[in-house]
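Novice: Structure file data-v1.txt (compact mmCIF, C-alpha atoms and all ligand atoms) right here:
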```
# COMPACT_ATOMS: atom_id res chain seq x y z
CA MET A 1 -5.25 -30.38 -26.47
CA ARG A 2 -4.06 -33.61 -24.82
CA ILE A 3 -2.31 -32.43 -21.66
CA LEU A 4 -0.35 -34.24 -18.98
CA VAL A 5 -0.55 -32.41 -15.65
CA THR A 6 2.05 -33.57 -13.13
CA GLY A 7 1.06 -32.80 -9.57
CA GLY A 8 -2.46 -32.23 -10.87
CA ALA A 9 -4.09 -33.49 -7.66
CA GLY A 10 -2.34 -30.83 -5.58
CA TYR A 11 -3.66 -27.47 -4.48
CA ILE A 12 -2.89 -25.31 -7.53
CA GLY A 13 -2.86 -28.31 -9.87
CA SER A 14 -6.40 -29.40 -9.07
CA HIS A 15 -7.87 -25.94 -9.63
CA THR A 16 -6.01 -25.76 -12.95
CA VAL A 17 -7.13 -29.23 -14.03
CA ARG A 18 -10.72 -28.18 -13.46
CA GLN A 19 -10.29 -25.16 -15.76
CA PHE A 20 -8.57 -27.21 -18.47
CA LEU A 21 -11.44 -29.69 -18.38
CA THR A 22 -14.01 -26.89 -18.53
CA GLY A 23 -12.13 -25.57 -21.56
CA GLY A 24 -12.59 -28.93 -23.33
CA HIS A 25 -9.02 -30.22 -23.00
CA ASP A 26 -8.18 -33.89 -22.60
CA VAL A 27 -6.33 -34.02 -19.29
CA THR A 28 -4.25 -36.79 -17.71
CA VAL A 29 -3.39 -36.09 -14.06
CA PHE A 30 -0.16 -37.68 -12.81
CA ASP A 31 0.34 -37.45 -9.06
CA ASN A 32 1.94 -39.52 -6.29
CA LEU A 33 -0.53 -38.14 -3.74
CA ASP A 34 2.31 -37.07 -1.51
CA ALA A 35 0.74 -33.62 -1.31
CA GLY A 36 -2.19 -34.22 -3.66
CA HIS A 37 -5.65 -35.65 -3.04
CA LYS A 38 -7.46 -38.13 -5.22
CA ARG A 39 -10.78 -36.45 -4.45
CA ALA A 40 -9.51 -33.16 -5.84
CA VAL A 41 -9.75 -34.41 -9.44
CA PRO A 42 -12.19 -36.55 -11.46
CA ALA A 43 -11.31 -40.24 -10.86
CA GLU A 44 -11.24 -41.09 -14.57
CA ARG A 45 -8.50 -38.50 -15.15
CA PHE A 46 -6.21 -39.68 -12.37
CA VAL A 47 -3.07 -41.81 -12.78
CA GLY A 48 -1.07 -42.57 -9.63
CA GLY A 49 2.68 -42.41 -10.12
CA ASP A 50 5.89 -40.80 -9.05
CA LEU A 51 8.02 -38.36 -11.01
CA ARG A 52 11.08 -40.53 -10.37
CA ASP A 53 9.46 -43.32 -12.40
CA ILE A 54 10.43 -41.83 -15.73
CA ASP A 55 9.47 -44.94 -17.70
CA HIS A 56 5.94 -44.72 -16.37
CA LEU A 57 5.79 -41.06 -17.41
CA ASP A 58 7.26 -41.83 -20.81
CA HIS A 59 4.65 -44.54 -21.32
CA LEU A 60 1.86 -42.05 -20.54
CA LEU A 61 3.34 -39.46 -22.90
CA VAL A 62 3.29 -41.99 -25.73
CA VAL A 63 0.08 -43.93 -25.04
CA ASN A 64 -2.01 -40.83 -24.33
CA ARG A 65 -0.41 -39.00 -27.30
CA ILE A 66 0.34 -36.04 -25.03
CA GLU A 67 0.80 -32.68 -26.79
CA ALA A 68 1.64 -30.50 -23.78
CA VAL A 69 2.95 -30.93 -20.26
CA VAL A 70 1.97 -28.72 -17.35
CA HIS A 71 4.45 -29.46 -14.59
CA PHE A 72 3.39 -28.74 -11.01
CA ALA A 73 4.84 -31.76 -9.20
CA ALA A 74 7.40 -30.35 -6.77
CA PHE A 75 8.17 -29.85 -3.14
CA ALA A 76 7.43 -26.28 -2.15
CA ALA A 77 8.25 -25.60 1.49
CA VAL A 78 10.95 -22.96 1.73
CA GLY A 79 11.97 -23.84 5.30
CA GLU A 80 12.25 -27.54 4.54
CA SER A 81 14.34 -26.83 1.45
CA VAL A 82 16.92 -25.17 3.69
CA THR A 83 17.20 -28.15 6.02
CA HIS A 84 16.71 -30.88 3.38
CA PRO A 85 18.07 -29.55 0.06
CA ALA A 86 18.70 -33.04 -1.33
CA LYS A 87 14.96 -33.67 -1.45
CA TYR A 88 14.49 -30.48 -3.47
CA TYR A 89 17.37 -30.97 -5.88
CA THR A 90 16.35 -34.56 -6.56
CA ASN A 91 12.67 -34.00 -7.16
CA ASN A 92 12.41 -30.41 -8.34
CA LEU A 93 15.49 -30.47 -10.54
CA LEU A 94 16.75 -33.99 -11.36
CA TYR A 95 13.38 -35.64 -11.97
CA SER A 96 12.08 -32.52 -13.72
CA LEU A 97 15.04 -32.59 -16.10
CA GLN A 98 14.28 -36.22 -16.87
CA LEU A 99 10.69 -35.30 -17.69
CA LEU A 100 11.83 -32.41 -19.86
CA ASP A 101 14.12 -34.64 -21.84
CA ARG A 102 11.40 -37.24 -22.40
CA CYS A 103 9.24 -34.43 -23.76
CA ARG A 104 12.01 -33.60 -26.21
CA ARG A 105 12.52 -37.21 -27.24
CA ASN A 106 8.79 -37.69 -27.75
CA GLY A 107 8.41 -34.49 -29.77
CA ILE A 108 6.29 -32.68 -27.15
CA GLY A 109 6.85 -29.00 -27.80
CA LYS A 110 4.69 -27.22 -25.20
CA PHE A 111 5.50 -26.94 -21.54
CA VAL A 112 4.08 -24.83 -18.70
CA PHE A 113 6.12 -24.72 -15.52
CA SER A 114 5.26 -23.83 -11.92
CA SER A 115 7.99 -21.42 -10.96
CA THR A 116 8.06 -19.08 -8.02
CA ALA A 117 8.72 -15.58 -6.76
CA ALA A 118 11.41 -17.26 -4.64
CA VAL A 119 13.70 -17.01 -7.70
CA TYR A 120 14.07 -13.28 -6.91
CA GLY A 121 15.50 -13.81 -3.44
CA VAL A 122 15.64 -10.48 -1.61
CA PRO A 123 14.68 -8.14 -4.46
CA ASN A 124 16.23 -4.70 -4.90
CA GLU A 125 12.98 -3.38 -6.27
CA VAL A 126 9.42 -4.04 -5.00
CA PRO A 127 7.03 -4.55 -6.83
CA ILE A 128 9.32 -6.94 -8.69
CA PRO A 129 9.38 -6.92 -12.51
CA GLU A 130 10.29 -10.08 -14.44
CA THR A 131 13.45 -8.29 -15.55
CA ALA A 132 14.78 -8.16 -11.96
CA PRO A 133 17.93 -10.27 -11.65
CA PRO A 134 17.11 -13.67 -10.16
CA ALA A 135 19.08 -14.39 -6.99
CA PRO A 136 17.33 -17.02 -4.85
CA VAL A 137 18.09 -17.12 -1.13
CA ASN A 138 16.95 -20.67 -0.49
CA PRO A 139 17.36 -24.10 -2.13
CA TYR A 140 13.71 -24.14 -3.24
CA GLY A 141 14.27 -21.01 -5.32
CA ASN A 142 17.58 -22.35 -6.61
CA THR A 143 15.98 -25.53 -7.95
CA LYS A 144 13.17 -23.62 -9.66
CA LEU A 145 15.55 -21.15 -11.28
CA ALA A 146 17.86 -23.93 -12.47
CA PHE A 147 14.93 -25.62 -14.18
CA GLU A 148 13.79 -22.35 -15.77
CA ARG A 149 17.26 -22.08 -17.30
CA ALA A 150 17.08 -25.60 -18.66
CA LEU A 151 13.73 -24.73 -20.26
CA ALA A 152 15.26 -21.66 -21.93
CA ASP A 153 18.18 -23.70 -23.26
CA TYR A 154 15.87 -26.38 -24.62
CA ALA A 155 13.68 -23.75 -26.29
CA GLY A 156 16.80 -22.26 -27.89
CA ALA A 157 17.93 -25.56 -29.33
CA TYR A 158 14.91 -27.78 -30.01
CA PRO A 159 11.39 -27.42 -31.42
CA PHE A 160 10.14 -26.67 -27.96
CA GLY A 161 8.51 -23.73 -26.19
CA TYR A 162 7.58 -23.00 -22.62
CA CYS A 163 5.97 -20.60 -20.21
CA ALA A 164 7.33 -20.37 -16.66
CA LEU A 165 4.85 -18.84 -14.23
CA ARG A 166 6.46 -17.29 -11.20
CA TYR A 167 3.78 -17.64 -8.56
CA PHE A 168 3.52 -15.29 -5.67
CA ASN A 169 1.42 -16.63 -2.75
CA ALA A 170 -1.41 -18.89 -3.84
CA ALA A 171 -4.44 -18.58 -1.57
CA GLY A 172 -8.17 -19.21 -1.37
CA ALA A 173 -10.32 -22.02 -2.72
CA ALA A 174 -12.83 -22.72 -5.48
CA SER A 175 -15.74 -20.30 -5.05
CA ASP A 176 -18.21 -23.19 -4.67
CA GLY A 177 -16.12 -24.55 -1.76
CA SER A 178 -15.69 -27.94 -3.46
CA ILE A 179 -11.89 -28.00 -3.70
CA GLY A 180 -9.32 -26.12 -1.66
CA GLU A 181 -6.08 -26.16 0.28
CA ASP A 182 -5.21 -29.24 2.36
CA HIS A 183 -1.55 -29.78 3.23
CA THR A 184 -0.13 -32.17 5.83
CA PRO A 185 1.65 -30.71 7.63
CA GLU A 186 0.18 -27.30 6.88
CA THR A 187 2.89 -24.65 6.57
CA HIS A 188 1.04 -21.86 4.76
CA LEU A 189 -0.05 -18.75 6.55
CA ILE A 190 -3.73 -18.36 5.63
CA PRO A 191 -4.86 -21.93 6.48
CA LEU A 192 -2.82 -21.80 9.70
CA VAL A 193 -4.44 -18.53 10.74
CA ILE A 194 -7.91 -19.91 9.94
CA GLN A 195 -7.13 -23.02 12.01
CA ALA A 196 -6.03 -20.80 14.90
CA ALA A 197 -9.27 -18.81 14.54
CA THR A 198 -11.39 -21.96 14.81
CA GLY A 199 -9.46 -23.38 17.76
CA LYS A 200 -7.96 -26.20 15.73
CA ARG A 201 -4.56 -24.80 16.68
CA PRO A 202 -3.79 -23.01 19.93
CA HIS A 203 -2.26 -20.01 18.15
CA VAL A 204 -0.45 -18.82 15.03
CA GLU A 205 3.18 -17.88 15.30
CA ILE A 206 4.41 -14.81 13.44
CA PHE A 207 7.81 -15.65 11.99
CA GLY A 208 9.72 -12.44 12.58
CA THR A 209 8.52 -9.01 13.68
CA ASP A 210 11.73 -7.09 12.94
CA TYR A 211 11.66 -7.04 9.14
CA PRO A 212 12.21 -3.73 7.31
CA THR A 213 8.49 -3.52 6.45
CA PRO A 214 5.81 -1.09 7.71
CA ASP A 215 4.70 -3.30 10.64
CA GLY A 216 7.84 -5.45 10.92
CA THR A 217 6.25 -8.61 9.50
CA CYS A 218 6.78 -10.13 6.04
CA VAL A 219 4.80 -8.80 3.13
CA ARG A 220 3.45 -11.14 0.44
CA ASP A 221 1.28 -10.84 -2.66
CA TYR A 222 -1.65 -13.24 -2.22
CA VAL A 223 -3.20 -14.39 -5.48
CA HIS A 224 -6.38 -16.43 -5.68
CA VAL A 225 -5.82 -20.02 -6.74
CA ASP A 226 -8.48 -19.78 -9.48
CA ASP A 227 -6.76 -16.71 -10.92
CA LEU A 228 -3.49 -18.62 -10.81
CA ALA A 229 -5.17 -21.55 -12.55
CA ALA A 230 -6.50 -19.22 -15.27
CA ALA A 231 -2.93 -18.05 -15.92
CA HIS A 232 -1.99 -21.62 -16.89
CA VAL A 233 -4.83 -21.89 -19.37
CA LEU A 234 -3.81 -18.61 -21.01
CA ALA A 235 -0.12 -19.56 -20.91
CA LEU A 236 -0.64 -22.87 -22.63
CA ALA A 237 -2.66 -21.23 -25.40
CA LYS A 238 0.27 -18.88 -26.03
CA VAL A 239 3.15 -21.41 -26.04
CA THR A 240 4.50 -22.30 -29.46
CA PRO A 241 7.81 -23.94 -30.39
CA GLY A 242 10.64 -21.52 -29.64
CA ALA A 243 8.56 -19.48 -27.15
CA LYS A 244 10.45 -18.49 -24.02
CA LEU A 245 7.85 -16.91 -21.77
CA THR A 246 8.30 -16.00 -18.12
CA TYR A 247 5.63 -14.18 -16.14
CA ASN A 248 5.01 -13.12 -12.58
CA VAL A 249 1.59 -14.17 -11.36
CA GLY A 250 0.54 -11.92 -8.53
CA VAL A 251 -2.02 -9.21 -7.95
CA GLY A 252 0.57 -6.49 -7.43
CA ARG A 253 -0.47 -5.60 -3.89
CA GLY A 254 1.24 -6.80 -0.73
CA TYR A 255 -0.18 -7.65 2.70
CA SER A 256 1.79 -8.18 5.89
CA VAL A 257 1.42 -11.21 8.14
CA ARG A 258 -0.39 -9.00 10.66
CA GLU A 259 -2.79 -7.75 7.95
CA VAL A 260 -3.55 -11.36 6.99
CA ILE A 261 -4.34 -12.17 10.63
CA ARG A 262 -6.61 -9.11 10.97
CA THR A 263 -8.43 -9.98 7.75
CA VAL A 264 -9.02 -13.56 8.91
CA GLU A 265 -10.45 -12.15 12.16
CA ASP A 266 -12.71 -9.88 10.14
CA VAL A 267 -13.92 -12.66 7.82
CA THR A 268 -14.45 -15.31 10.51
CA GLY A 269 -15.61 -13.00 13.28
CA LYS A 270 -13.20 -14.83 15.60
CA LYS A 271 -10.14 -13.71 17.53
CA VAL A 272 -6.85 -15.28 16.43
CA PRO A 273 -4.39 -16.07 19.25
CA VAL A 274 -0.94 -14.90 18.14
CA LYS A 275 2.62 -15.60 19.30
CA HIS A 276 5.71 -13.78 18.13
CA GLY A 277 8.56 -15.99 17.01
CA PRO A 278 11.92 -15.68 15.30
CA ARG A 279 12.35 -15.27 11.56
CA ARG A 280 11.99 -18.42 9.43
CA ALA A 281 15.13 -19.30 7.48
CA GLY A 282 15.00 -18.33 3.82
CA ASP A 283 12.15 -15.76 4.05
CA PRO A 284 12.68 -12.48 2.15
CA PRO A 285 10.99 -9.44 3.80
CA ALA A 286 8.71 -8.48 0.90
CA LEU A 287 7.62 -10.22 -2.30
CA VAL A 288 5.12 -8.31 -4.39
CA ALA A 289 4.68 -8.80 -8.13
CA ARG A 290 4.76 -6.35 -10.93
CA ALA A 291 2.35 -8.28 -13.05
CA ASP A 292 1.88 -5.95 -16.03
CA ALA A 293 3.46 -8.37 -18.49
CA ILE A 294 1.02 -11.23 -18.02
CA ARG A 295 -1.89 -8.79 -18.13
CA ALA A 296 -0.66 -7.16 -21.34
CA GLU A 297 0.61 -10.24 -23.18
CA LEU A 298 -1.78 -12.99 -22.06
CA GLY A 299 -4.80 -10.83 -21.20
CA TRP A 300 -4.75 -12.20 -17.66
CA ALA A 301 -6.96 -10.25 -15.24
CA PRO A 302 -7.37 -11.51 -11.69
CA LYS A 303 -10.98 -11.74 -10.51
CA TYR A 304 -9.88 -11.45 -6.90
CA THR A 305 -7.89 -8.31 -6.16
CA ASP A 306 -8.79 -7.94 -2.52
CA LEU A 307 -7.38 -10.10 0.30
CA LYS A 308 -10.73 -10.22 2.09
CA ALA A 309 -12.46 -11.75 -0.93
CA ILE A 310 -9.68 -14.33 -1.22
CA ILE A 311 -9.87 -15.26 2.46
CA GLU A 312 -13.67 -15.54 2.24
CA THR A 313 -13.27 -18.40 -0.26
CA ALA A 314 -10.67 -20.09 1.98
CA TRP A 315 -13.03 -19.74 4.96
CA ARG A 316 -15.90 -21.31 3.00
CA TRP A 317 -13.69 -24.29 2.14
CA HIS A 318 -12.54 -24.70 5.76
CA GLN A 319 -16.11 -24.55 7.04
CA SER A 320 -17.39 -27.16 4.59
CA HIS A 321 -14.24 -29.35 4.88
CA PRO A 322 -12.99 -28.99 8.47
CA ASN A 323 -10.78 -32.05 7.93
CA GLY A 324 -9.74 -31.15 4.39
CA TYR A 325 -10.29 -33.97 1.92
CA GLY A 326 -10.33 -36.42 4.84
CA GLU A 327 -8.13 -38.91 3.01
N1 LIG B 401 4.30 -17.18 8.21
C1 LIG B 401 4.19 -16.91 9.57
N2 LIG B 401 3.74 -17.91 10.37
C2 LIG B 401 3.39 -19.15 9.91
C3 LIG B 401 3.50 -19.39 8.52
C4 LIG B 401 3.96 -18.38 7.70
O1 LIG B 401 4.50 -15.83 10.04
O2 LIG B 401 3.00 -20.00 10.72
C5 LIG B 401 4.78 -16.11 7.31
C6 LIG B 401 6.03 -16.50 6.53
O3 LIG B 401 7.19 -16.15 7.25
C7 LIG B 401 5.86 -15.68 5.25
C8 LIG B 401 4.34 -15.54 5.09
O4 LIG B 401 3.78 -15.87 6.35
O5 LIG B 401 6.38 -14.39 5.43
C9 LIG B 401 3.78 -16.48 4.05
O6 LIG B 401 4.29 -17.78 4.30
P1 LIG B 401 3.79 -19.05 3.52
O7 LIG B 401 4.51 -20.23 4.10
O8 LIG B 401 2.30 -19.08 3.53
O9 LIG B 401 4.22 -18.79 2.02
P2 LIG B 401 5.67 -18.48 1.37
O10 LIG B 401 5.79 -16.99 1.35
O11 LIG B 401 6.71 -19.18 2.18
O12 LIG B 401 5.54 -19.05 -0.01
```
Step by step, read the file and then write its structure as structure tokens.

Specialist:
Amino acid sequence: MRILVTGGAGYIGSHTVRQFLTGGHDVTVFDNLDAGHKRAVPAERFVGGDLRDIDHLDHLLVVNRIEAVVHFAAFAAVGESVTHPAKYYTNNLLYSLQLLDRCRRNGIGKFVFSSTAAVYGVPNEVPIPETAPPAPVNPYGNTKLAFERALADYAGAYPFGYCALRYFNAAGAASDGSIGEDHTPETHLIPLVIQAATGKRPHVEIFGTDYPTPDGTCVRDYVHVDDLAAAHVLALAKVTPGAKLTYNVGVGRGYSVREVIRTVEDVTGKKVPVKHGPRRAGDPPALVARADAIRAELGWAPKYTDLKAIIETAWRWHQSHPNGYGE
């Protein structure tokens, strides 16, 4: 299939692009390199551009005779979305709607969307099934949910189908250590804890120790980035016009912030200096997936079900790329 991958040079995007290429697909990566890295994807696949430049995107859709769009390009920092919602509504919703409509106008009927567990807000039920009522508690989740709804409406009205993948916490790196996580600034827990373990940061701050969880810190479902990437490959194969698919992508097991820190200490053999801080705005106490649907309907089966194995791949990447991609 001829696929356009927006945000394909980013963390999850680049791992997914690699799997699409391995599967024999013809991939065009579209990325503004705001969070992505040119070195994360094969140079001949890369096109630099911004989502706001809809004419550029439209041109690529036509000239490359694109059959499917996999849409990663988005801002994804929960805390920032609370303080700077305009940035999130503009990019994650407005520009995404423009892209969606150009797909419609160009007769592109397959779409895979990076959604998020943040659409559930503070869930009533954990593990969270896809049938749980969405109720985001931060602007990031609001923008993702709004776009999911647009996808459903388009699929109801036009020859168009989609799969929205609600990611839990992406983690780890390619098992050969060649591509991995490199954000500037880094906001994600596992890379921050690894950096604190290696002395690159003085400490890691735990955001909140008074949550209603077993040890008082937030619980998340960490899913390996290659397993997440595999979900996109399976999702795209399943999307047909009229399809309205929405799946959680998580392992179904939660780990607290303290458990993540202990596991990093175990994997690296180094002590992690820790500080206790206040809660971060917009953080629900526990997000753990019920991921039976994607297993049953797409045949998805995560290769990494254990946090330690996930962190081992992240550690390998950090050791071989202490300065990330160095771009
Ligand atoms: N977290 C933390 N300290 C940090 C970064 C994150 O305690 O320096 C916590 C955060 O509050 C959340 C969990 O770690 O409960 C995972 O955060 P991350 O930003 O990695 O992913 P998110 O859950 O926001 O998608």

Novice: For Ala309 in chain A, work out the shell of residues within 12 Å, counting only C-alpha atoms and skipping chain neighbours fewer than 4 positions away, then give it as a PyMOL selection string.

Specialist: chain A and resi 171-175+222-224+260+263-264+266-267+302-305+313-316

Novice: With all atoms of ligand LIG 401 (chain B) from the file as input, state the centre and edge lengths in Å to one decimal of the axis-aligned box that has 8 Å extra on each side, as JSON.

Specialist:
```
{"center_x": 4.7, "center_y": -17.3, "center_z": 5.4, "size_x": 20.9, "size_y": 21.8, "size_z": 26.7}
```

Novice: Select, counting all atoms listed in the file, all protein, DNA and RNA residues no farther than 12 Å from (11.6, -44.2, -12.4) in file coordinates, and express the selection as a ChimeraX atom specification.

Specialist: /A:49-59,91,94-96,98-99

Novice: Export C-alpha atoms of the chosen residues as a CSV table (one decimal), in the frame of the given file?

Specialist:
```csv
chain,number,residue,atom,x,y,z
A,49,GLY,CA,2.7,-42.4,-10.1
A,50,ASP,CA,5.9,-40.8,-9.0
A,51,LEU,CA,8.0,-38.4,-11.0
A,52,ARG,CA,11.1,-40.5,-10.4
A,53,ASP,CA,9.5,-43.3,-12.4
A,54,ILE,CA,10.4,-41.8,-15.7
A,55,ASP,CA,9.5,-44.9,-17.7
A,56,HIS,CA,5.9,-44.7,-16.4
A,57,LEU,CA,5.8,-41.1,-17.4
A,58,ASP,CA,7.3,-41.8,-20.8
A,59,HIS,CA,4.6,-44.5,-21.3
A,91,ASN,CA,12.7,-34.0,-7.2
A,94,LEU,CA,16.8,-34.0,-11.4
A,95,TYR,CA,13.4,-35.6,-12.0
A,96,SER,CA,12.1,-32.5,-13.7
A,98,GLN,CA,14.3,-36.2,-16.9
A,99,LEU,CA,10.7,-35.3,-17.7
```

Novice: Using all atoms listed in the file, determine which residues lie at most 8 Å from range 101-111 of chain A, disregarding the query and same-chain residues fewer than 2 positions distant; provide the list as an MDAnalysis selection string.

Specialist: chainID A and resid 58 61:62 66:71 97:99 113 158:163 236 239:241

Novice: Taking into account only C-alpha atoms, which residue in the set A:Gly208, A:Pro134, A:Gly324, A:Gly7 is nearest to Arg280 in chain A?

Specialist: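 Ranked by minimum distance to Arg280 in chain A, first place goes to A:Gly208.
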
Novice: Ligand LIG 401 (chain B): which residues are within 8 Å, counting all atoms listed in the file, as a ChimeraX atom specification?

Specialist: /A:76-79,118,168-170,187-190,192-193,204-208,217-220,256-257,279-280,283-287

Novice: Report, in Å to a single decimal, how far apart CA of Thr246 in chain A and CA of Thr143 in chain A are.

Specialist: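 According to the coordinates, CA of Thr143 in chain A and CA of Thr246 in chain A are separated by 15.9 Å.
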
Novice: Rank A:Tyr88, A:Val249, A:Asp306, A:Leu33 by their smallest atom-to-atom distance to Ser115 in chain A, using all atoms listed in the file, and report the top residue only.

Specialist: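 Smallest separation from Ser115 in chain A among the options: A:Val249.
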
Novice: One decimal, in Å: what's the spacing between CA of Gly252 in chain A and CA of Ala296 in chain A?

Specialist: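 Pair CA of Gly252 in chain A / CA of Ala296 in chain A returns 14.0 Å.
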
Novice: Determine, using all atoms listed in the file, which residues of range 208-305 of chain A have any atom at most 6 Å from an atom of range 122-128 of chain A, and tabulate each with its shortest atom pair and distance in Å to one decimal place, rows ordered by chain and then rising number, as CSV.

Specialist:
```
residue,atom,partner,partner_atom,distance
A:Pro284,CA,A:Val122,CA,5.2
A:Val288,CA,A:Pro127,CA,4.9
A:Ala289,CA,A:Pro127,CA,5.0
A:Arg290,CA,A:Pro127,CA,5.0
```

Novice: For the atom pair CA of Arg2 in chain A and CA of Ser114 in chain A, what is the interatomic distance in Å to one decimal place?

Specialist: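 One can read the CA of Arg2 in chain A to CA of Ser114 in chain A distance as 18.7 Å.
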
Novice: Identify which of the residues A:Glu80, A:Leu100, A:Val112, A:Tyr247 lies closest to Ile3 in chain A, counting only C-alpha atoms when measuring atom-to-atom distances.

Specialist: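 Among the listed residues, A:Val112 lies closest to Ile3 in chain A.
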
Novice: Tell me which of A:Thr209, A:Ile194, A:Ala243, A:Ala135 sits closest to Leu151 in chain A, counting only C-alpha atoms.

Specialist: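 Using only C-alpha atoms, the shortest distance to Leu151 in chain A belongs to A:Ala243.
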
Novice: Kindly indicate which residue among A:Thr90, A:Thr198, A:Thr28, A:Thr6 lies nearest to Ala73 in chain A, using only C-alpha atoms for the distances.

Specialist: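 Looking only at the distances to Ala73 in chain A, the closest residue turns out to be A:Thr6.
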
Novice: Take the point (-18.8, -26.7, -7.0) in the file's coordinates, draw a sphere of radius 12 Å around it, and report as number ranges by chain every protein, DNA or RNA residue with an atom inside or on it, counting all atoms listed in the file.

Specialist: A: 15, 18, 40, 173-180, 316-317, 320

Novice: Using all atoms listed in the file, pick whichever of A:Ala229, A:Ala9, A:Val119, A:Ala291 has the shortest atom-to-atom distance to Asn142 in chain A.

Specialist: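 Residue with the minimum atom-to-atom distance to Asn142 in chain A: A:Val119.
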
Novice: How about completing range 177-188 of chain A with N, CA, C and O atoms and giving it to me as a PDB file, keeping the file's coordinate frame?

Specialist:
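Now in part_15.pdb:
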```pdb
ATOM      1  N   GLY A 177     -16.562 -23.848  -2.968  1.00  0.00           N
ATOM      2  CA  GLY A 177     -16.120 -24.550  -1.760  1.00  0.00           C
ATOM      3  C   GLY A 177     -15.844 -26.034  -1.970  1.00  0.00           C
ATOM      4  O   GLY A 177     -15.646 -26.783  -1.011  1.00  0.00           O
ATOM      5  N   SER A 178     -15.799 -26.493  -3.210  1.00  0.00           N
ATOM      6  CA  SER A 178     -15.690 -27.940  -3.460  1.00  0.00           C
ATOM      7  C   SER A 178     -14.247 -28.438  -3.432  1.00  0.00           C
ATOM      8  O   SER A 178     -14.004 -29.600  -3.103  1.00  0.00           O
ATOM      9  N   ILE A 179     -13.294 -27.621  -3.819  1.00  0.00           N
ATOM     10  CA  ILE A 179     -11.890 -28.000  -3.700  1.00  0.00           C
ATOM     11  C   ILE A 179     -11.133 -26.832  -3.056  1.00  0.00           C
ATOM     12  O   ILE A 179     -11.556 -25.677  -3.157  1.00  0.00           O
ATOM     13  N   GLY A 180     -10.035 -27.169  -2.381  1.00  0.00           N
ATOM     14  CA  GLY A 180      -9.320 -26.120  -1.660  1.00  0.00           C
ATOM     15  C   GLY A 180      -7.972 -26.607  -1.182  1.00  0.00           C
ATOM     16  O   GLY A 180      -7.435 -27.584  -1.713  1.00  0.00           O
ATOM     17  N   GLU A 181      -7.449 -25.913  -0.183  1.00  0.00           N
ATOM     18  CA  GLU A 181      -6.080 -26.160   0.280  1.00  0.00           C
ATOM     19  C   GLU A 181      -6.075 -27.147   1.442  1.00  0.00           C
ATOM     20  O   GLU A 181      -6.748 -26.934   2.445  1.00  0.00           O
ATOM     21  N   ASP A 182      -5.311 -28.220   1.302  1.00  0.00           N
ATOM     22  CA  ASP A 182      -5.210 -29.240   2.360  1.00  0.00           C
ATOM     23  C   ASP A 182      -3.804 -29.825   2.332  1.00  0.00           C
ATOM     24  O   ASP A 182      -3.532 -30.735   1.544  1.00  0.00           O
ATOM     25  N   HIS A 183      -2.913 -29.273   3.150  1.00  0.00           N
ATOM     26  CA  HIS A 183      -1.550 -29.780   3.230  1.00  0.00           C
ATOM     27  C   HIS A 183      -1.320 -30.454   4.587  1.00  0.00           C
ATOM     28  O   HIS A 183      -1.850 -29.998   5.596  1.00  0.00           O
ATOM     29  N   THR A 184      -0.528 -31.525   4.579  1.00  0.00           N
ATOM     30  CA  THR A 184      -0.130 -32.170   5.830  1.00  0.00           C
ATOM     31  C   THR A 184       1.379 -32.349   5.834  1.00  0.00           C
ATOM     32  O   THR A 184       1.875 -33.094   4.983  1.00  0.00           O
ATOM     33  N   PRO A 185       2.128 -31.725   6.693  1.00  0.00           N
ATOM     34  CA  PRO A 185       1.650 -30.710   7.630  1.00  0.00           C
ATOM     35  C   PRO A 185       1.350 -29.410   6.898  1.00  0.00           C
ATOM     36  O   PRO A 185       1.917 -29.160   5.846  1.00  0.00           O
ATOM     37  N   GLU A 186       0.468 -28.615   7.471  1.00  0.00           N
ATOM     38  CA  GLU A 186       0.180 -27.300   6.880  1.00  0.00           C
ATOM     39  C   GLU A 186       1.304 -26.336   7.274  1.00  0.00           C
ATOM     40  O   GLU A 186       1.696 -26.282   8.430  1.00  0.00           O
ATOM     41  N   THR A 187       1.844 -25.638   6.282  1.00  0.00           N
ATOM     42  CA  THR A 187       2.890 -24.650   6.570  1.00  0.00           C
ATOM     43  C   THR A 187       2.485 -23.259   6.126  1.00  0.00           C
ATOM     44  O   THR A 187       3.188 -22.295   6.417  1.00  0.00           O
ATOM     45  N   HIS A 188       1.396 -23.145   5.364  1.00  0.00           N
ATOM     46  CA  HIS A 188       1.040 -21.860   4.760  1.00  0.00           C
ATOM     47  C   HIS A 188       0.227 -20.983   5.708  1.00  0.00           C
ATOM     48  O   HIS A 188      -0.586 -21.475   6.484  1.00  0.00           O
TER      49      HIS A 188
END
```
